[in-house]
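> Provided herewith is a single structure, encoded as structure tokens, for subsequent inquiry.
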Amino acid sequence: MEQYEPDRLSAAQLAAMRRSLTSGRGALTRRSLLRASGVGALTLAGLSALTACGIPPAKREGDTAAASDDHSAREKELTFSNWTEYMDTSDDEKSRPTLEEFTKRTGIKVKYTEDINDNVEFFGKVRPQLAAGQDTGRDLIVVTDWLAARIIRLGWAQKLDPANLPHAYANLIPQFRSPDWDPGRSYSYPWTGIDTVIAYNSKATGGRTVDSVTQLLDDPTLKGRVGFLTEMRDSVGMTLLDQGKDPAKFTDADFDGAIGRLQKGVDTQQIRRFTGNDYTADLDKGDLAACLAWAGDVIQLQAGNPDIKYAIPAPGYITSSDNLLVPAKARHKANAEKLIDFYYEPPIAAQLAAFISYVCPVDGVREELAAIDPALADNPLIVPDKAMAAKAHAFRSLTSEEETAYEEKFAKLIGA
């Protein structure tokens with residue numbers, strides 16, 4: 001019997017999105033604070049609509065998108081949908097230098113639109129066309145790994161041609177090369193990476209380093225001044241690592257063990273609260289002495305407060321990515337592949353990284369970035385060194401049933 005993928009969002013998944021709406025990653029602005037998973041800024045009406053209708057069974061799980069007619073040779077153009085402030089701009093904000101360089105070099109004009117505000121809202125826009133086998137009007141999109149996985153699973157992304165991606169294939173850094181949802185990067189390439197680390201206010205800790213989840217949960221000097229995140233994958237993933245478990249391979253029992261460990265921190269009042277991006281103000285003031293944090297926040301906070309430090313726990317940290325995809329039925333696939341490959345040239349990648357200050361997925365970018373800003377080139381939160389890259393761990397893909405069960409348990413933990 002054929003099995004179809006309904007992808008209906010459960011009440012637990014929708015509740016997690018509502019948390020992001022008010023304080024989670026989806027509520028962060030792209031330049032001042034890190035938006036990590038981007039599941040959040042939905043209107044309540046949008047959430048209700050998603051509850052009412054799951055993904056229609058237009059594709060079987062495992063099917064791939066049929067190759068569309070590619071008009072790239074005749075039409076030197078492409079349409080690129082991205083998040084706001086996720087592209088370099090000139091000082092007067094009237095031009096986008098790297099995109100202009102791409103057009104100058106290739107003759108391909110780019111219609112660039114900042115029409116992605118969060119993953120679920122954007123998916124709601126393009127889902128009807130994708131499900132009907134129609135062109136979305138977009139040749140290239142940027143979505144976070146969990147949504148990229150869903151689009152690929154539903155057969156709504158086109159397989160990329162490695163022959164058109166020599167720089168991307170050669171220069172993608174190892175930590176992003178083979179996610180479980182797209183082994184070998186057959187359908188996607190990262191636009192940026194997103195890391196979860198430990199941040200602490202050295203003034204609030206009396207000069208002591210905080211560098212482990214065990215310390216966050218057990219150090220009596222931190223009691224009542226510790227923060228964890230309202231994003232399940234981050235808080236549970238970091239706790240799994242601390243317990244010696246692999247976030248890419250954990251079992252239900254492992255998940256329950258991590259929840260139990262965090263519950264103890266709640267019961268003993270070691271954990272002050274679970275937060276979204278609002279932890280930044282408390283950490284800056286010292287009301288939170290230490291917490292889990294998103295790397296982009298740390299970069300921004302350090303610019304104004306020298307007491308803000310960060311640490312990478314010995315067992316590692318959780319990483320995710322925002323990813324470039326070519327939707328099914330896109331008219332200009334080859335042109336889109338040329339643009340993907342363009343951004344994997346180190347000089348171009350350096351220009352982008354210098355502007356947006358996210359983890360750069362391009363190998364060989366350090367020297368180019370140093371010529372622009374040596375401090376950025378030496379920051380492992382933007383250009384991971386080998387030691388940091390070796391500690392990166394991705395939270396494995398979840399089935400719909402797992403995500404529902406896990407979000408329900410996590411919601412109970414944090415009192416959501």
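Residues in the structure tokens are numbered from 1 in each chain, the chains being A, B, ... in the order shown, and ligands are numbered from 1 in the order shown.
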Once DSSP has gone over the backbone, tell me which residues of segment 46-171 of chain A are in helix (DSSP H, G or I), as JSON, numbers by chain.
{"A": [46, 47, 48, 49, 50, 51, 52, 97, 98, 99, 100, 101, 102, 103, 104, 105, 106, 119, 120, 121, 122, 123, 124, 125, 126, 127, 128, 129, 130, 131, 145, 146, 147, 148, 149, 150, 151, 152, 153, 162, 163, 164, 166, 167, 168, 169, 170, 171]}
> Skipping near chain neighbours, those fewer than 6 positions away, what residues fall within 9 Å of segment 208-216 of chain A using only C-alpha atoms, listed as a ChimeraX atom specification?
/A:198-200,202,222-223,226-227,238-239,241-243,265,270-271,290-292,309-315
> Identify, on the basis of only C-alpha atoms, every residue whose closest approach to segment 72-87 of chain A does not exceed 9 Å; exclude the query and any residue fewer than 5 positions from it along the same chain; express the result as a PyMOL selection string.
chain A and resi 29-31+96+98-99+106-118+137-143+331-336+352+355-356
> Out of A:Ala349, A:Ile382, A:Ile173, A:Leu398, which residue has the shortest atom-to-atom distance to Pro247 of chain A when counting only C-alpha atoms?
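Smallest distance to Pro247 of chain A is found for A:Leu398.
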> Hey, what's within 12 Å of Asp145 of chain A if we count only C-alpha atoms and toss same-chain stuff fewer than 5 positions away? As a ChimeraX atom specification, please?
/A:36-39,119,150-153,176,178-182,185,187-194,319-325,394-398
> Calculate how many Å separate atom CA of Asp267 of chain A from atom CA of Asp219 of chain A, rounding to one decimal.
14.7 Å
> For Ser235 of chain A, which residue among A:Gly276, A:Pro162, A:Pro220, A:Gly155 is the nearest when counting only C-alpha atoms?
A:Gly276
> If you run DSSP on the backbone here, which positions in segment 114-239 of chain A get strand (DSSP E)? Please write them as a list in words.
Glu114, Asp115, Ile116, Leu140, Ile141, Val142, Val143, Thr144, Ser188, Tyr189, Pro190, Trp191, Thr192, Gly193, Ile194, Asp195, Thr196, Val197, Ile198, Ala199, Tyr200, Asn201, Val226, Gly227, Phe228 and Leu229 of chain A
> Of the candidates A:Ser95, A:Arg261, A:Glu100, A:Asp88, which shows the shortest atom-to-atom distance to Ala350 of chain A, using only C-alpha atoms?
A:Asp88
> Name all residues at most 10 Å from segment 301-303 of chain A (count only C-alpha atoms; drop same-chain ones fewer than 2 positions away) and give them as a ChimeraX atom specification.
/A:32-33,280-281,283-284,295-299,305-310
> With distances taken over only C-alpha atoms, which residue among A:Met232, A:Tyr317, A:Lys329, A:Met388 lies nearest Glu408 of chain A?
A:Met232
